[in-house]
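Down below is the structure, laid out as C-alpha cells.
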Amino acid sequence: MRLRKKSLATSVSALLAAALMLSACAGGTKTANPSPDTGDKGSSTPTEAVSDKYVLGEQPLDFSFYGHYDWYTMPTWGEDAATKWIKENKKVDVKAINSQGNAQQKFNTMIASGELPDVIWMDRNSDVEKLRENDMLVPYDDYLDKYPNLKEWLGEAGINMLRSPDGKLYQFPNWYTSQPNGNAGYVVNSKIYKELGEPKLETTDDLTKYLEAVKAKYGNTVVPFEPGIEGQGIDILYSAFKEDALTRWVSIRGVPNGDKLTSIFTDPTYRESMQYAAKLFRDKLISQDALTQTADQIKEKVMTGRVAVYAASSPTENAMNAHAELVKKDPDAGYFMIWPIHKEGLDKNKIFPGTYTQLGWNVSVITKAAKDPEAIFAFLDWYTGPEGQTLLMWGPEGGYWDGYEEDGITPKFTEKYVTDAAGLGKLQADTTNLQWNGNTVFIDTAKAKYESTLPEEERNWSTRWQYEVTWKTQANATEFITLDPAPESEEGIIRQRVEDIYTEARAKALFAKDDAEVLAVLDKAEADAQAAGYEKLLAYKTTKWQANLAQMNGQ
C-alpha cells in the first residue's frame with residue numbers, strides 16, 4: 001500500500017500534544033504521573049489515569065550503537081552542538097561501536113558470540129531477519145501508541161510494509177517519506193561554466209562537448225566529470241538514455257520487462273549508457289580513479305573548485321559547503337545544479353537520475369541486549385519527531401531558529417539562517433551521520449516553507465536546488481525495496497556471485513578500448529552470470545517485487 005500523507009493540519013494537533021508531553025518534563029524514566037497531559041487544552045480537570053510512559057530526561061539514558069557499514073564511523077556523541085544539547089538536556093549518551101572497516105565480519109561475530117549492541121543501524125535486508133530469527137530483536141508494536149511520532153509521520157501503511165513475516169514491527173526507518181525527496185543529479189561549477197560561455201547543457205551530446213571544452217581549456221588542473229564515490233555518476237548517466245528508466249534497476253541488477261525482472265547485462269539502455277561512459281573515460285573526461293577514489297579525495301576536489309561537472313547520488317552536501325567557501329573568495333565561483341541530462345529526442349521531464357522510497361534508506365533495530373528497550377524506542381521516537389529533527393538540522397534554539405510558528409512544531413528561522421550559510425552547512429555536515437531516524441516530510445516542509453519567502457540569492461544552497469530540481473526529478477522506487485535473499489540461501493550465494501561478476505564487468509567495460517569491447521564485456525558477464533544461476537536469482541527477486549506491489553495496492 002502506498003503511504004498516504006495526512007494533511008499537515010491534522011498531523012499538527014496530535015504531534016503537538018505528543019511533543020508537549022515529551023518535552024514538558026526533561027526526563028528519562030517510566031514514571032507514574034498523577035496528572036498527565038490529556039491533550040485536551042480546553043479542560044483543566046486533571047485525569048486520574050496513571051501514565052507508564054518513559055519521560056525522556058528524568059534519568060540518564062545510555063545505550064550502545066553500531067552502524068553496520070564498512071564506511072561508517074559514528075561521530076563522537078556530544079561534540080556537535082545538537083547532540084551536546086541532547087546530552088545535557090535530555091541526559092542521553094550514545095556509545096559508539098564501530099565496524100573498523102569490516103562490517104559483515106563484525107556482525108557475524110556479534111551474532112555468534114551473542115554480544116550485541118543495544119541498537120544496530122543497518123539496511124533493510126536479510127541481516128534484519130537473521131537477527132529476528134535468532135530471537136535477538138525487540139518488537140516495537142507495544143510502543144507505537146505510547147510514543148506516536150513514528151506512527152503519525154510514517155502512517156499505518158508504511159509501518160505494515162516494514163513488518164516481518166511474524167507480523168511484528170522490528171525496524172525504525174530513516175528518511176521515510178510520503179512525498180518525493182532526494183539529491184541525485186548534476187552539479188556544475190559556476191566559474192568554469194561562465195568562462196566557457198554558458199553553453200547549452202541539456203543533452204548527452206551537450207555534455208560531451210562541454211567536457212571536451214573543459215579539458216581543452218584547463219587540461220589536468222580540472223576534472224571534467226566527477227562521478228563521486230564508487231563511480232555513482234556513471235549510474236546517474238544510465239537515466240539519460242531512456243524515459244522513466246530508474247537508477248534503482250542498476251542497483252538491484254534487474255530491469256522490469258512486463259511482470260518480470262530481466263538481466264541488467266542485456267538491457268539496451270544499460271549497454272548504451274556504458275558505451276557512453278566508457279568513451280568519456282577513454283577520452284579522459286571522467287576521473288581516471290573513478291572506481292577507487294575515497295570520499296575525502298572527492299571532497300577535496302569539489303571544495304577547491306577543481307571539478308567542472310559533479311554527478312552523484314547525493315552531491316549536494318559537498319557542493320553546498322564548497323559553494324559557501326568559494327563564493328567568499330570569488331562571487332563568480334561556486335556551484336549550481338542543472339536539470340538532468342537526457343539523450344536527444346527524449347522528454348526531459350521523464351528523466352530521473354535518482355529514486356526515493358517511502359520507507360527511506362535504512363533502519364534501526366533494538367536488540368535484546370538493551371536493558372530498557374522501551375526507553376531507547378522513546379528516544380528514537382522523540383529523535384524522529386519535530387523537536388529532535390529541528391535540533392539535528394538547525395541546532396539548539398536561539399541560533400538559526402527561535403521559537404515556533406503557530407502550529408507549535410515548525411521552527412521560526414532567524415536572520416542567522418541566511419547570513420551564516422557556511423555555519424549552518426557545517427552544523428548539518430556535523431550531524432549528517434547522526435541522522436538515524438530522519439523525518440523527510442517534516443524537515444523538507446519546514447525549510448521549503450521558509451526558503452520560499454526569501455529572495456533567490458538568500459536561499460540555502462541545498463534547499464534551493466532541492467526545491468527547484470532534485471525533488472522534481474526523483475522517482476518513487478518503493479516497489480523495489482528489500483528484494484535481496486538471505487546470504488546463506490541458494491539465491492543468496494548466487495547473488496554474491498552475480499555481484500562479483502557485475503563489479504568486474506563494470507570496471508572492464510569502463511576501461512574498454514571501443515564500443516564493441518564494451519558490448520563484448522557485457523556479453524561475457526551475461527554468460528557468466530547465467531552460469532552462476534542469475535535466472536534463478538531474478539525469479540526470486542521478481543516474486544519479492546510482485547509481493548511488494550500487491551502489498552502497496554492493499555492486497
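Within each chain, counting starts at residue 1; across the C-alpha cells, chains are named A, B, ... in the order shown, with ligands numbered 1 upward in that order.
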For Lys447 in chain A, work out the shell of residues within 10 Å, counting only C-alpha atoms and skipping chain neighbours fewer than 2 positions away, then give it as a PDB file with N, CA and C atoms, in the first residue's frame.
```
ATOM      1  N   MET A 393      18.953  19.371  12.510  1.00  0.00           N
ATOM      2  CA  MET A 393      19.096  20.112  11.252  1.00  0.00           C
ATOM      3  C   MET A 393      19.477  21.570  11.454  1.00  0.00           C
ATOM      4  N   TRP A 394      19.022  22.178  12.551  1.00  0.00           N
ATOM      5  CA  TRP A 394      19.226  23.617  12.704  1.00  0.00           C
ATOM      6  C   TRP A 394      19.796  24.008  14.068  1.00  0.00           C
ATOM      7  N   THR A 410       6.736  23.903  13.869  1.00  0.00           N
ATOM      8  CA  THR A 410       7.629  24.404  12.828  1.00  0.00           C
ATOM      9  C   THR A 410       8.486  25.526  13.392  1.00  0.00           C
ATOM     10  N   PRO A 411       9.822  25.405  13.325  1.00  0.00           N
ATOM     11  CA  PRO A 411      10.676  26.439  13.899  1.00  0.00           C
ATOM     12  C   PRO A 411      10.575  27.761  13.144  1.00  0.00           C
ATOM     13  N   LYS A 412      10.699  28.878  13.890  1.00  0.00           N
ATOM     14  CA  LYS A 412      10.799  30.196  13.276  1.00  0.00           C
ATOM     15  C   LYS A 412      12.276  30.468  13.030  1.00  0.00           C
ATOM     16  N   PHE A 413      12.654  30.571  11.784  1.00  0.00           N
ATOM     17  CA  PHE A 413      14.058  30.765  11.453  1.00  0.00           C
ATOM     18  C   PHE A 413      14.460  32.226  11.643  1.00  0.00           C
ATOM     19  N   PHE A 442       8.793  16.315   7.554  1.00  0.00           N
ATOM     20  CA  PHE A 442       8.884  17.429   8.496  1.00  0.00           C
ATOM     21  C   PHE A 442       9.982  18.402   8.087  1.00  0.00           C
ATOM     22  N   ILE A 443      11.174  17.872   7.828  1.00  0.00           N
ATOM     23  CA  ILE A 443      12.314  18.737   7.513  1.00  0.00           C
ATOM     24  C   ILE A 443      12.095  19.476   6.200  1.00  0.00           C
ATOM     25  N   ASP A 444      11.680  18.740   5.166  1.00  0.00           N
ATOM     26  CA  ASP A 444      11.501  19.373   3.866  1.00  0.00           C
ATOM     27  C   ASP A 444      10.410  20.428   3.900  1.00  0.00           C
ATOM     28  N   THR A 445       9.327  20.152   4.592  1.00  0.00           N
ATOM     29  CA  THR A 445       8.223  21.113   4.667  1.00  0.00           C
ATOM     30  C   THR A 445       8.644  22.370   5.408  1.00  0.00           C
ATOM     31  N   LYS A 449       9.109  25.878   3.275  1.00  0.00           N
ATOM     32  CA  LYS A 449       8.152  26.939   3.592  1.00  0.00           C
ATOM     33  C   LYS A 449       8.883  28.246   3.855  1.00  0.00           C
ATOM     34  N   TYR A 450       9.972  28.166   4.608  1.00  0.00           N
ATOM     35  CA  TYR A 450      10.719  29.376   4.927  1.00  0.00           C
ATOM     36  C   TYR A 450      11.514  29.871   3.726  1.00  0.00           C
ATOM     37  N   GLU A 451      12.177  28.955   3.039  1.00  0.00           N
ATOM     38  CA  GLU A 451      13.014  29.335   1.909  1.00  0.00           C
ATOM     39  C   GLU A 451      12.201  30.021   0.817  1.00  0.00           C
ATOM     40  N   SER A 452      10.951  29.628   0.674  1.00  0.00           N
ATOM     41  CA  SER A 452      10.121  30.210  -0.385  1.00  0.00           C
ATOM     42  C   SER A 452       9.848  31.689  -0.139  1.00  0.00           C
ATOM     43  N   ARG A 459      18.593  32.090  -0.455  1.00  0.00           N
ATOM     44  CA  ARG A 459      18.142  30.746  -0.084  1.00  0.00           C
ATOM     45  C   ARG A 459      19.323  29.842   0.215  1.00  0.00           C
ATOM     46  N   ASN A 460      19.130  28.935   1.143  1.00  0.00           N
ATOM     47  CA  ASN A 460      20.131  27.916   1.419  1.00  0.00           C
ATOM     48  C   ASN A 460      20.418  27.161   0.128  1.00  0.00           C
ATOM     49  N   THR A 463      18.807  23.596  -0.183  1.00  0.00           N
ATOM     50  CA  THR A 463      17.351  23.649  -0.215  1.00  0.00           C
ATOM     51  C   THR A 463      16.847  24.238  -1.519  1.00  0.00           C
ATOM     52  N   ARG A 464      17.544  25.270  -2.015  1.00  0.00           N
ATOM     53  CA  ARG A 464      17.124  25.890  -3.268  1.00  0.00           C
ATOM     54  C   ARG A 464      17.106  24.881  -4.402  1.00  0.00           C
ATOM     55  N   TYR A 467      14.484  22.144  -4.062  1.00  0.00           N
ATOM     56  CA  TYR A 467      13.158  22.679  -4.382  1.00  0.00           C
ATOM     57  C   TYR A 467      12.987  22.878  -5.881  1.00  0.00           C
TER      58      TYR A 467
END
```
Using only C-alpha atoms, find each residue of range 421-515 of chain A with at least one atom at most 8 Å away from an atom of range 64-75 of chain A; report its shortest atom-to-atom pair and that distance in Å (one decimal), sort the rows by chain and rising residue number, and return the result as a tab-separated table.
```
residue	atom	partner	partner_atom	distance
A:Asp430	CA	A:Pro75	CA	7.9
A:Asn433	CA	A:Met74	CA	6.6
A:Leu434	CA	A:Pro75	CA	7.2
```
(request) Enumerate as a ChimeraX atom specification all residues of range 98-336 of chain A assigned to alpha helix (DSSP H) by DSSP on the backbone, naming them with the chain letters and numbers the document uses. (result) /A:103-113,126-133,149-162,190-195,204-218,232-238,247-252,268-282,295-303,316-329
(request) Find the spatial neighbours of Trp436 in chain A, counting only C-alpha atoms, within a cut-off of 8 Å - ignore same-chain residues fewer than 6 positions away - and output them as a ChimeraX atom specification. (result) /A:121,174,363-364
Could you turn the residues from that selection into a file that holds N, CA and C atoms, as a PDB file, in the first residue's frame?
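Output file selection_4.pdb is given in full below:
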```
ATOM      1  N   TRP A 121      22.179  -0.037  13.433  1.00  0.00           N
ATOM      2  CA  TRP A 121      21.702   0.790  12.312  1.00  0.00           C
ATOM      3  C   TRP A 121      22.141   0.091  11.044  1.00  0.00           C
ATOM      4  N   ASN A 174      14.643   5.270   8.494  1.00  0.00           N
ATOM      5  CA  ASN A 174      15.389   6.517   8.382  1.00  0.00           C
ATOM      6  C   ASN A 174      15.076   7.176   7.043  1.00  0.00           C
ATOM      7  N   VAL A 363      17.402   1.327   8.577  1.00  0.00           N
ATOM      8  CA  VAL A 363      16.574   1.173   9.775  1.00  0.00           C
ATOM      9  C   VAL A 363      17.433   1.010  11.028  1.00  0.00           C
ATOM     10  N   SER A 364      16.816   1.285  12.172  1.00  0.00           N
ATOM     11  CA  SER A 364      17.423   0.998  13.468  1.00  0.00           C
ATOM     12  C   SER A 364      16.634  -0.124  14.131  1.00  0.00           C
TER      13      SER A 364
END
```
(message) Calculated over only C-alpha atoms, which of the candidates A:Phe225, A:Tyr238, A:Phe379, A:Trp545 has the smallest distance to Ile481 in chain A?
(response)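 Selected residue with least distance to Ile481 in chain A: A:Trp545.
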(message) Which residue is closest to Val55 in chain A? Choose from A:Asp244, A:Asp420, A:Glu374, A:Glu129 and count only C-alpha atoms.
(response)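 Closest candidate: A:Glu374.
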(message) Set the distance at 12 Å and use only C-alpha atoms: which residues neighbour range 248-251 of chain A once local chain neighbours fewer than 6 positions away are removed? I'd like the list as a PyMOL selection string.
(response) chain A and resi 184+232+234-239+257+261-267+269-271+273-274+313+352-357+474-484+499+502-503+506+538+541+545
What are the nearest atom pairs, with distances in Å to one decimal, for all residues of range 347-390 of chain A that come at most 12 Å from range 195-205 of chain A, using only C-alpha atoms, set out by chain and rising residue number as a Markdown table?
```
| residue | atom | partner | partner_atom | distance |
| --- | --- | --- | --- | --- |
| A:Asp347 | CA | A:Thr203 | CA | 10.6 |
| A:Lys348 | CA | A:Glu202 | CA | 8.4 |
| A:Asn349 | CA | A:Glu202 | CA | 11.6 |
| A:Ile351 | CA | A:Thr203 | CA | 11.2 |
```
(request) Would you list, as number ranges by chain, the residues of range 67-219 of chain A that end up in strand (DSSP E or B) under DSSP run on this structure's backbone? (result) A: 67, 92-97, 119-122, 137, 172-173, 176, 185-189, 203
Keeping only C-alpha atoms, take the residues you just selected and write them out as a PDB file, in the first residue's frame.
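Final output, part.pdb:
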```pdb
ATOM      1  CA  GLY A  67      26.440   1.271  12.389  1.00  0.00           C
ATOM      2  CA  VAL A  92      21.052  10.794  26.621  1.00  0.00           C
ATOM      3  CA  ASP A  93      24.508   9.412  25.924  1.00  0.00           C
ATOM      4  CA  VAL A  94      25.241   7.119  22.980  1.00  0.00           C
ATOM      5  CA  LYS A  95      28.355   4.944  22.940  1.00  0.00           C
ATOM      6  CA  ALA A  96      29.694   4.019  19.504  1.00  0.00           C
ATOM      7  CA  ILE A  97      30.680   0.541  18.406  1.00  0.00           C
ATOM      8  CA  VAL A 119      20.966  -0.599  18.706  1.00  0.00           C
ATOM      9  CA  ILE A 120      22.073  -1.630  15.212  1.00  0.00           C
ATOM     10  CA  TRP A 121      21.702   0.790  12.312  1.00  0.00           C
ATOM     11  CA  MET A 122      21.546  -1.209   9.110  1.00  0.00           C
ATOM     12  CA  LEU A 137      15.317  -8.263  18.381  1.00  0.00           C
ATOM     13  CA  PHE A 172      12.602   2.037  12.816  1.00  0.00           C
ATOM     14  CA  PRO A 173      13.088   3.664   9.385  1.00  0.00           C
ATOM     15  CA  TYR A 176      10.926   7.775   5.360  1.00  0.00           C
ATOM     16  CA  GLY A 185      21.720  14.847 -10.068  1.00  0.00           C
ATOM     17  CA  TYR A 186      24.283  17.068 -11.740  1.00  0.00           C
ATOM     18  CA  VAL A 187      26.214  19.912 -10.096  1.00  0.00           C
ATOM     19  CA  VAL A 188      28.060  22.406 -12.323  1.00  0.00           C
ATOM     20  CA  ASN A 189      30.999  24.669 -11.459  1.00  0.00           C
ATOM     21  CA  THR A 203      21.595  16.544 -23.708  1.00  0.00           C
TER      22      THR A 203
END
```
(request) Find the residues around Gln288 in chain A up to 10 Å (only C-alpha atoms counted), leave out those fewer than 6 positions away in its own chain, and share them as a ChimeraX atom specification. (result) /A:223,226,281-282,510-511
(request) Write out as a list in words which residues come within 10 Å of Asp528 in chain A when counting only C-alpha atoms, dropping same-chain ones fewer than 5 positions away. (result)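 Near neighbours after the sequence-gap exclusion: Arg497, Val498, Ile501, Tyr502, Leu522, Asp523, Gly533 and Tyr534 of chain A.
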(request) Have a look at CA of Ala512 in chain A and CA of Ala277 in chain A and let me know their distance in Å, one decimal. (result) 10.2 Å
(message) I'd like the contact shell of Val418 in chain A - 9 Å cut-off, only C-alpha atoms, skipping same-chain residues fewer than 3 positions apart - returned as a list in words.
(response) Tyr400, Phe413, Thr414, Glu415, Ala421, Leu424, Leu454, Glu458, Arg459 and Asn460 of chain A
What would the file look like if the residues just selected were written as a tab-separated table (two decimals), in the first residue's frame with N, CA and C atoms?
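Saved file again07.tsv follows:
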```
chain	number	residue	atom	x	y	z
A	400	TYR	N	19.94	29.43	14.75
A	400	TYR	CA	19.34	29.53	13.42
A	400	TYR	C	17.82	29.55	13.48
A	413	PHE	N	12.65	30.57	11.78
A	413	PHE	CA	14.06	30.76	11.45
A	413	PHE	C	14.46	32.23	11.64
A	414	THR	N	15.70	32.41	12.08
A	414	THR	CA	16.23	33.74	12.35
A	414	THR	C	17.03	34.25	11.16
A	415	GLU	N	17.47	35.50	11.26
A	415	GLU	CA	18.29	36.09	10.19
A	415	GLU	C	19.59	35.32	10.01
A	421	ALA	N	25.30	31.03	6.21
A	421	ALA	CA	25.07	29.80	5.45
A	421	ALA	C	26.20	28.80	5.66
A	424	LEU	N	25.76	27.13	9.06
A	424	LEU	CA	24.65	26.18	9.02
A	424	LEU	C	25.07	24.93	8.25
A	454	LEU	N	12.20	33.79	0.84
A	454	LEU	CA	13.45	34.52	0.68
A	454	LEU	C	13.75	34.83	-0.79
A	458	GLU	N	19.36	34.50	-1.38
A	458	GLU	CA	19.49	34.28	0.05
A	458	GLU	C	19.08	32.88	0.48
A	459	ARG	N	18.59	32.09	-0.46
A	459	ARG	CA	18.14	30.75	-0.08
A	459	ARG	C	19.32	29.84	0.21
A	460	ASN	N	19.13	28.93	1.14
A	460	ASN	CA	20.13	27.92	1.42
A	460	ASN	C	20.42	27.16	0.13
```
(message) Between CA of Met110 in chain A and CA of Met136 in chain A, what is the distance in Å, rounded to a tenth?
(response) 10.8 Å
(request) Name the closest residue to Asp206 in chain A among the candidates A:Pro340, A:Pro455, A:Gly403, A:Gly425; distances are taken between atoms, counting only C-alpha atoms. (result)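 Smallest distance to Asp206 in chain A is found for A:Pro340.
The nearest approach to Phe336 in chain A among the residues A:Gln466, A:Gln275, A:Thr367, A:Ser190, with only C-alpha atoms taken into account, belongs to A:Ser190.
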